[in-house]
$ cat coords11.cif   # mmCIF, C-alpha atoms
data_coords
loop_
_atom_site.label_atom_id
_atom_site.label_comp_id
_atom_site.auth_asym_id
_atom_site.auth_seq_id
_atom_site.Cartn_x
_atom_site.Cartn_y
_atom_site.Cartn_z
CA MET R 33 6.60 16.39 25.72
CA LYS R 34 7.93 17.32 29.11
CA THR R 35 9.31 13.96 30.18
CA LEU R 36 11.23 12.91 27.08
CA LYS R 37 14.88 12.41 27.96
CA LYS R 38 16.15 10.39 25.02
CA LEU R 39 15.21 10.88 21.36
CA CYS R 40 16.58 8.76 18.55
CA LEU R 41 15.51 9.47 14.95
CA GLU R 42 16.76 7.73 11.84
CA PHE R 43 15.32 8.38 8.38
CA ASP R 44 16.56 6.85 5.17
CA GLY R 45 15.38 8.41 1.91
CA VAL R 46 13.48 11.55 2.81
CA HIS R 47 13.24 15.01 1.35
CA LEU R 48 14.18 17.65 3.88
CA SER R 49 12.59 21.03 3.32
CA PHE R 50 10.50 23.63 5.06
CA THR R 51 8.72 21.42 7.60
CA SER R 52 11.83 19.76 8.90
CA SER R 53 13.89 22.91 8.93
CA ARG R 54 11.36 25.33 10.35
CA LYS R 55 9.24 23.04 12.49
CA LEU R 56 10.72 19.66 13.31
CA PHE R 57 14.17 20.70 14.47
CA PRO R 58 12.94 23.76 16.42
CA GLN R 59 10.45 21.44 18.13
CA ILE R 60 13.27 19.12 19.15
CA VAL R 61 15.14 22.04 20.66
CA LYS R 62 12.06 22.82 22.77
CA LEU R 63 12.14 19.45 24.53
CA GLN R 64 13.03 20.68 27.97
CA ALA R 65 14.00 17.39 29.60
CA LEU R 66 16.07 16.11 26.69
CA GLU R 67 19.36 14.57 27.79
CA SER R 68 20.28 12.57 24.70
CA LEU R 69 19.64 13.23 21.01
CA GLU R 70 20.66 10.93 18.19
CA ILE R 71 19.76 11.86 14.62
CA GLU R 72 20.78 10.10 11.45
CA PHE R 73 19.57 11.01 7.98
CA VAL R 74 20.63 8.81 5.08
CA ASN R 75 19.93 9.37 1.37
CA ILE R 76 18.45 12.76 2.02
CA TYR R 77 18.05 15.62 -0.38
CA GLY R 78 16.62 19.11 -0.61
CA LEU R 79 17.53 22.72 -1.17
CA PRO R 80 20.77 23.99 0.39
CA SER R 81 18.86 26.25 2.77
CA PHE R 82 17.35 23.16 4.37
CA GLY R 83 20.57 21.20 4.53
CA PRO R 84 22.89 20.29 7.40
CA ARG R 85 24.00 23.87 8.00
CA ALA R 86 20.42 24.95 8.67
CA PHE R 87 20.01 22.19 11.23
CA GLU R 88 23.36 22.94 12.77
CA ASN R 89 22.19 26.47 13.47
CA ILE R 90 19.07 25.18 15.19
CA LEU R 91 20.61 22.31 17.09
CA LYS R 92 23.45 24.38 18.51
CA LYS R 93 20.82 25.86 20.81
CA LEU R 94 20.94 22.57 22.70
CA PRO R 95 23.60 21.97 25.36
CA SER R 96 26.60 20.26 23.82
CA SER R 97 26.23 17.27 26.11
CA VAL R 98 22.77 16.49 24.68
CA ILE R 99 23.75 15.78 21.07
CA LYS R 100 25.18 12.29 21.06
CA LYS R 101 24.97 11.78 17.32
CA CYS R 102 23.99 13.91 14.35
CA VAL R 103 24.86 12.38 11.01
CA PHE R 104 23.85 13.23 7.46
CA GLN R 105 24.91 10.50 5.05
CA LYS R 106 24.64 10.48 1.28
CA ALA R 107 23.15 13.92 1.32
CA ASP R 108 22.30 15.89 -1.79
CA PHE R 109 21.44 19.56 -1.29
CA ARG R 110 21.55 21.48 -4.55
CA ALA R 111 20.45 24.96 -5.42
CA ASP R 112 17.85 24.02 -8.01
CA GLU R 113 14.99 21.86 -6.77
CA ASN R 114 14.06 21.14 -10.39
CA ASP R 115 17.19 19.02 -10.55
CA TYR R 116 15.51 16.39 -8.40
CA SER R 117 14.39 14.19 -11.21
CA ASP R 118 13.39 10.55 -11.10
CA ASP R 119 16.94 9.33 -11.48
CA ARG R 120 17.85 10.33 -7.95
CA GLU R 121 19.99 7.28 -7.49
CA THR R 122 22.57 8.60 -9.92
CA GLU R 123 22.25 12.11 -8.54
CA HIS R 124 24.04 11.09 -5.32
CA SER R 125 27.32 11.66 -7.05
CA GLU R 126 30.80 12.08 -5.72
CA LYS R 127 30.62 15.74 -6.68
CA ASN R 128 27.63 16.48 -4.50
CA PHE R 129 29.13 14.42 -1.77
CA GLY R 130 32.32 16.39 -2.03
CA ASP R 131 30.49 19.69 -1.82
CA LEU R 132 28.95 18.67 1.47
CA GLN R 133 32.10 17.24 2.90
CA GLU R 134 33.64 20.61 2.36
CA GLY R 135 30.83 22.29 4.22
CA SER R 136 28.34 22.99 1.44
CA LYS R 137 28.50 26.09 -0.72
CA ASP R 138 31.06 28.14 1.18
CA GLY R 139 33.62 25.36 1.24
CA LYS R 140 33.93 25.34 5.02
CA GLU R 141 33.53 22.54 7.47
CA PRO R 142 30.36 22.61 9.54
CA ARG R 143 31.07 24.99 12.37
CA ASP R 144 29.76 22.66 15.01
CA SER R 145 31.94 19.58 15.23
CA ARG R 146 29.02 17.57 16.64
CA LEU R 147 27.41 17.68 13.21
CA GLN R 148 28.85 15.07 10.90
CA VAL R 149 28.31 15.05 7.16
CA VAL R 150 29.66 11.97 5.45
CA MET P 44 8.77 -17.41 12.27
CA LEU P 45 9.31 -16.42 15.88
CA PHE P 46 6.67 -17.41 18.32
CA PHE P 47 6.79 -18.09 22.00
CA GLN P 48 4.45 -20.51 23.65
CA ALA P 49 2.30 -19.58 26.60
CA PRO P 50 4.81 -20.54 29.36
CA PHE P 51 7.07 -17.74 28.12
CA VAL P 52 4.48 -15.27 29.36
CA ILE P 53 5.83 -15.68 32.89
CA SER P 54 8.85 -13.69 31.67
CA LYS P 55 8.82 -9.92 31.99
CA GLU P 56 9.60 -9.60 28.29
CA LEU P 57 7.62 -10.97 25.38
CA ASN P 58 8.49 -11.00 21.68
CA LEU P 59 5.49 -11.64 19.49
CA ASN P 60 5.35 -12.00 15.75
CA LEU P 61 1.87 -10.92 14.72
CA GLU P 62 2.20 -12.77 11.42
CA ALA P 63 2.36 -16.13 13.14
CA LEU P 64 -0.67 -18.42 13.08
CA PRO P 65 -3.59 -16.47 14.57
CA GLU P 66 -4.63 -19.40 16.78
CA ALA P 67 -1.18 -19.62 18.31
CA ILE P 68 -0.93 -15.87 18.89
CA LEU P 69 -4.38 -15.75 20.41
CA GLU P 70 -3.52 -18.54 22.83
CA THR P 71 -0.51 -16.59 24.06
CA LEU P 72 -2.42 -13.33 24.26
CA ASN P 73 -5.37 -14.88 26.09
CA THR P 74 -2.96 -16.33 28.63
CA LEU P 75 -1.35 -12.95 28.96
CA ASN P 76 -4.72 -11.27 29.41
CA SER P 77 -5.85 -13.70 32.09
CA SER P 78 -5.79 -12.67 35.70
CA GLN P 79 -3.07 -15.24 36.51
CA ALA P 80 -0.54 -13.70 34.16
CA LYS P 81 2.33 -11.73 35.61
CA PRO P 82 2.69 -8.17 34.30
CA LEU P 83 5.08 -7.57 31.44
CA LYS P 84 7.76 -4.94 31.46
CA ILE P 85 8.79 -5.17 27.81
CA LEU P 86 6.64 -6.08 24.81
CA LYS P 87 8.14 -6.38 21.33
CA LEU P 88 5.71 -6.76 18.44
CA SER P 89 6.75 -7.67 14.91
CA ILE P 90 4.41 -6.70 12.12
CA GLY P 91 4.90 -8.39 8.78
CA LYS P 92 3.97 -7.43 5.27
CA ASN P 93 0.26 -8.04 5.64
CA SER P 94 -2.48 -6.50 7.73
CA ILE P 95 -2.88 -8.02 11.17
CA ASN P 96 -5.68 -10.53 11.60
CA THR P 97 -8.68 -8.61 13.01
CA LYS P 98 -9.16 -10.86 16.04
CA VAL P 99 -5.44 -10.78 16.80
CA LEU P 100 -5.42 -7.00 16.51
CA GLU P 101 -8.33 -6.66 18.93
CA THR P 102 -6.71 -9.03 21.40
CA VAL P 103 -3.32 -7.29 21.23
CA CYS P 104 -5.07 -3.99 21.88
CA GLU P 105 -6.70 -5.57 24.93
CA THR P 106 -3.29 -6.79 26.08
CA LEU P 107 -1.86 -3.31 25.73
CA ARG P 108 -4.74 -1.88 27.73
CA LEU P 109 -4.35 -4.48 30.50
CA GLN P 110 -0.57 -4.32 30.76
CA SER P 111 -0.50 -1.20 32.85
CA ASP P 112 3.03 -1.95 34.15
CA LEU P 113 4.48 -2.07 30.66
CA GLU P 114 7.59 0.06 30.51
CA GLU P 115 8.87 -0.58 27.03
CA LEU P 116 7.00 -1.12 23.79
CA VAL P 117 8.82 -1.93 20.56
CA PHE P 118 7.27 -2.23 17.10
CA THR P 119 9.20 -3.65 14.17
CA CYS P 120 7.53 -3.48 10.77
CA GLU P 121 9.05 -5.38 7.86
CA GLU P 122 7.25 -3.38 5.23
CA HIS P 123 4.77 -0.66 5.70
CA PRO P 124 1.92 -0.70 3.22
CA GLU P 125 -0.85 1.78 3.82
CA SER P 126 -3.09 -0.88 5.36
CA SER P 127 -0.79 -1.49 8.31
CA SER P 128 -0.61 2.20 9.17
CA SER P 129 -4.01 2.06 10.84
CA ASP P 130 -3.07 -1.19 12.61
CA LEU P 131 -0.04 0.42 14.19
CA SER P 132 -2.06 3.49 15.13
CA MET P 133 -4.63 1.30 16.87
CA LEU P 134 -1.92 -0.47 18.84
CA LEU P 135 -0.25 2.77 19.85
CA LEU P 136 -3.51 4.30 20.98
CA ALA P 137 -4.47 1.21 22.96
CA SER P 138 -1.30 1.06 24.98
CA THR P 139 -1.06 2.50 28.45
CA GLN P 140 1.53 5.03 29.48
CA LYS P 141 5.05 3.78 29.18
CA ARG P 142 8.60 4.87 29.67
CA LYS P 143 10.08 3.78 26.37
CA LEU P 144 8.68 3.48 22.85
CA GLU P 145 10.56 2.27 19.79
CA ILE P 146 9.24 2.02 16.25
CA PHE P 147 11.29 0.50 13.45
CA VAL P 148 9.94 0.47 9.92
CA LYS P 149 12.33 -1.39 7.67
CA LYS P 150 10.72 -0.39 4.39
CA VAL P 151 7.94 2.07 3.63
CA LEU P 152 6.12 1.21 0.44
CA VAL P 153 3.63 4.02 0.19
CA GLU P 154 4.59 7.42 -1.07
CA ASP P 155 3.38 9.23 1.95
CA SER P 156 4.44 11.07 5.06
CA PRO P 157 7.64 9.73 6.65
CA THR P 158 5.82 9.78 9.96
CA LYS P 159 2.42 8.52 8.99
CA VAL P 160 3.06 5.56 11.24
CA LEU P 161 2.41 7.87 14.15
CA PRO P 162 -1.28 8.43 14.82
CA THR P 163 -2.50 11.97 14.60
CA SER P 164 -4.74 11.68 17.63
CA SER P 165 -3.22 12.10 21.03
CA LEU P 166 -1.29 9.27 22.62
CA LYS P 167 -0.72 8.59 26.30
CA LEU P 168 2.74 10.07 26.42
CA GLN P 169 2.88 11.77 29.77
CA GLU P 170 5.48 9.35 31.13
CA LEU P 171 7.45 8.69 27.96
CA GLU P 172 11.17 9.15 28.55
CA GLU P 173 12.72 7.46 25.54
CA PHE P 174 11.49 7.50 21.95
CA THR P 175 13.10 5.91 18.92
CA LEU P 176 11.77 6.15 15.37
CA LYS P 177 13.72 4.58 12.51
CA ILE P 178 12.22 4.53 9.04
CA LYS P 179 13.67 3.44 5.73
CA TYR P 180 12.00 4.37 2.47
CA ASP P 181 11.94 2.26 -0.62
CA SER P 182 14.81 3.65 -2.66
CA SER P 183 12.80 3.44 -5.88
CA GLN P 184 10.41 6.10 -4.66
CA VAL P 185 10.81 9.83 -4.48
CA ALA P 186 10.19 10.28 -0.79
CA PRO P 187 8.16 13.22 0.38
CA GLU P 188 8.85 15.40 3.36
CA GLU P 189 6.07 15.75 5.82
CA PHE P 190 7.03 15.56 9.44
CA THR P 191 3.77 16.95 10.78
CA CYS P 192 2.85 13.77 12.66
CA LEU P 193 6.24 13.60 14.32
CA ILE P 194 6.09 17.27 15.25
CA ASP P 195 2.65 16.77 16.81
CA PHE P 196 3.98 13.72 18.62
CA LEU P 197 6.89 15.65 20.12
CA ARG P 198 4.57 18.50 21.01
CA ALA P 199 2.18 16.26 22.97
#
$ encode --input "coords11.cif" --output "structure tokens"
Amino acid sequence: MKTLKKLCLEFDGVHLSFTSSRKLFPQIVKLQALESLEIEFVNIYGLPSFGPRAFENILKKLPSSVIKKCVFQKADFRADENDYSDDRETEHSEKNFGDLQEGSKDGKEPRDSRLQVV
Amino acid sequence: MLFFQAPFVISKELNLNLEALPEAILETLNTLNSSQAKPLKILKLSIGKNSINTKVLETVCETLRLQSDLEELVFTCEEHPESSSSDLSMLLLASTQKRKLEIFVKKVLVEDSPTKVLPTSSLKLQELEEFTLKIKYDSSQVAPEEFTCLIDFLRA
């Protein structure tokens, strides 16, 4: 889409995995005319390799002025996908929250300050 | 239930609740589709919990085809059962090129692609400058991940 200047995506309650990580976000980066990007994911879950850090690495290819908002709220990215049982509501625990606030598995903040995990 | 009578059509912006009485909606749309009507710049369509009346759907599609000056098109869906997916696709495909498109789905009921609301066939997107898609899934469901439709949309 050569003319798209402003893209705003907000998803609440989706599973982020291969398609989003390897296809959706790279496709966003390819939008040549993009001047403003706002992304908000709420109640999301998936494997750590498809979490905020993966998207950070892709989105940092965009000029810093383009990313107006990039928020991951109530995110749950654990190592074992089998953990995603039917009681997902209780799985969004403080512990998992805390892991992400500290920058996922390595305990560091996301390197790109434009990416916000809350 | 929001509904604007025919005189409102002289405005450049129209908000239309497609769940209102079909007769009332059709009166507004027929006025809008008449040769005397002034072109709209912004059209906001609200889709309720049920499928759109067939006659209303056909007439809205005609409106979207005729409104060639339309710059902004906004869809707001209260709930999104599978039946309304095809309705929204029809409306999107009927519309002429526009500068801004916004789709808000307040609650998706079906366990399906997060972007199924976007039609898989090609849209008239050559002039689209602003696109907003906001979707909320029913929290009781385990939501899937399938962004293929959105990826195709952005690739168009």
$ closest_residue --input "coords11.cif" --among "P:Leu61, P:Leu109, P:Cys104, P:Leu176" --to "Ser77 in chain P" --atoms "only C-alpha atoms"
P:Leu109
$ resolve_selection --input "coords11.cif" --expression "the PyMOL selection byres ((chain P) within 6 of (chain R))" --output "list in words"
Leu171, Glu172, Glu173, Phe174, Thr175, Leu176, Lys177, Ile178, Lys179, Tyr180, Ala186, Pro187, Glu188, Ile194, Leu197, Arg198 and Ala199 of chain P
$ residues_around --input "coords11.cif" --residues "range 129-146 of chain P" --least-positions-apart "3" --cutoff "9 Å" --atoms "all atoms listed in the file" --output "PyMOL selection string"
(chain R and resi 36+40) or (chain P and resi 90+94-95+100-101+103-120+125-126+160-178)
$ write_last_selection --input "coords11.cif" --atoms "C-alpha atoms" --output "compact mmCIF listing (two decimals), in the coordinates of the input"
# COMPACT_ATOMS: atom_id res chain seq x y z
CA LEU R 36 11.23 12.91 27.08
CA CYS R 40 16.58 8.76 18.55
CA ILE P 90 4.41 -6.70 12.12
CA SER P 94 -2.48 -6.50 7.73
CA ILE P 95 -2.88 -8.02 11.17
CA LEU P 100 -5.42 -7.00 16.51
CA GLU P 101 -8.33 -6.66 18.93
CA VAL P 103 -3.32 -7.29 21.23
CA CYS P 104 -5.07 -3.99 21.88
CA GLU P 105 -6.70 -5.57 24.93
CA THR P 106 -3.29 -6.79 26.08
CA LEU P 107 -1.86 -3.31 25.73
CA ARG P 108 -4.74 -1.88 27.73
CA LEU P 109 -4.35 -4.48 30.50
CA GLN P 110 -0.57 -4.32 30.76
CA SER P 111 -0.50 -1.20 32.85
CA ASP P 112 3.03 -1.95 34.15
CA LEU P 113 4.48 -2.07 30.66
CA GLU P 114 7.59 0.06 30.51
CA GLU P 115 8.87 -0.58 27.03
CA LEU P 116 7.00 -1.12 23.79
CA VAL P 117 8.82 -1.93 20.56
CA PHE P 118 7.27 -2.23 17.10
CA THR P 119 9.20 -3.65 14.17
CA CYS P 120 7.53 -3.48 10.77
CA GLU P 125 -0.85 1.78 3.82
CA SER P 126 -3.09 -0.88 5.36
CA VAL P 160 3.06 5.56 11.24
CA LEU P 161 2.41 7.87 14.15
CA PRO P 162 -1.28 8.43 14.82
CA THR P 163 -2.50 11.97 14.60
CA SER P 164 -4.74 11.68 17.63
CA SER P 165 -3.22 12.10 21.03
CA LEU P 166 -1.29 9.27 22.62
CA LYS P 167 -0.72 8.59 26.30
CA LEU P 168 2.74 10.07 26.42
CA GLN P 169 2.88 11.77 29.77
CA GLU P 170 5.48 9.35 31.13
CA LEU P 171 7.45 8.69 27.96
CA GLU P 172 11.17 9.15 28.55
CA GLU P 173 12.72 7.46 25.54
CA PHE P 174 11.49 7.50 21.95
CA THR P 175 13.10 5.91 18.92
CA LEU P 176 11.77 6.15 15.37
CA LYS P 177 13.72 4.58 12.51
CA ILE P 178 12.22 4.53 9.04
$ atom_distance --input "coords11.cif" --atom1 "CA of Ser53 in chain R" --atom2 "CA of Cys192 in chain P"
14.8 Å
$ residues_near_point --input "coords11.cif" --point "(-0.5, -11.3, 34.5)" --cutoff "12 Å" --atoms "only C-alpha atoms" --output "list in words"
Ala49, Pro50, Phe51, Val52, Ile53, Ser54, Lys55, Glu56, Thr71, Leu72, Asn73, Thr74, Leu75, Asn76, Ser77, Ser78, Gln79, Ala80, Lys81, Pro82, Leu83, Lys84, Thr106, Leu107, Leu109, Gln110, Ser111, Asp112 and Leu113 of chain P
$ atom_distance --input "coords11.cif" --atom1 "CA of Gln64 in chain R" --atom2 "CA of Phe190 in chain P"
20.1 Å
$ atom_distance --input "coords11.cif" --atom1 "CA of Val148 in chain P" --atom2 "CA of Gln105 in chain R"
18.7 Å
$ closest_residue --input "coords11.cif" --among "P:Glu121, P:Phe147, P:Thr102, P:Ser89" --to "Glu66 in chain P" --atoms "only C-alpha atoms"
P:Thr102
$ axis_aligned_box --input "coords11.cif" --around "range 72-79 of chain R" --padding-each-side "8 Å" --output "lines of an AutoDock Vina configuration file"
center_x = 18.7
center_y = 15.8
center_z = 5.1
size_x = 20.2
size_y = 29.9
size_z = 28.6
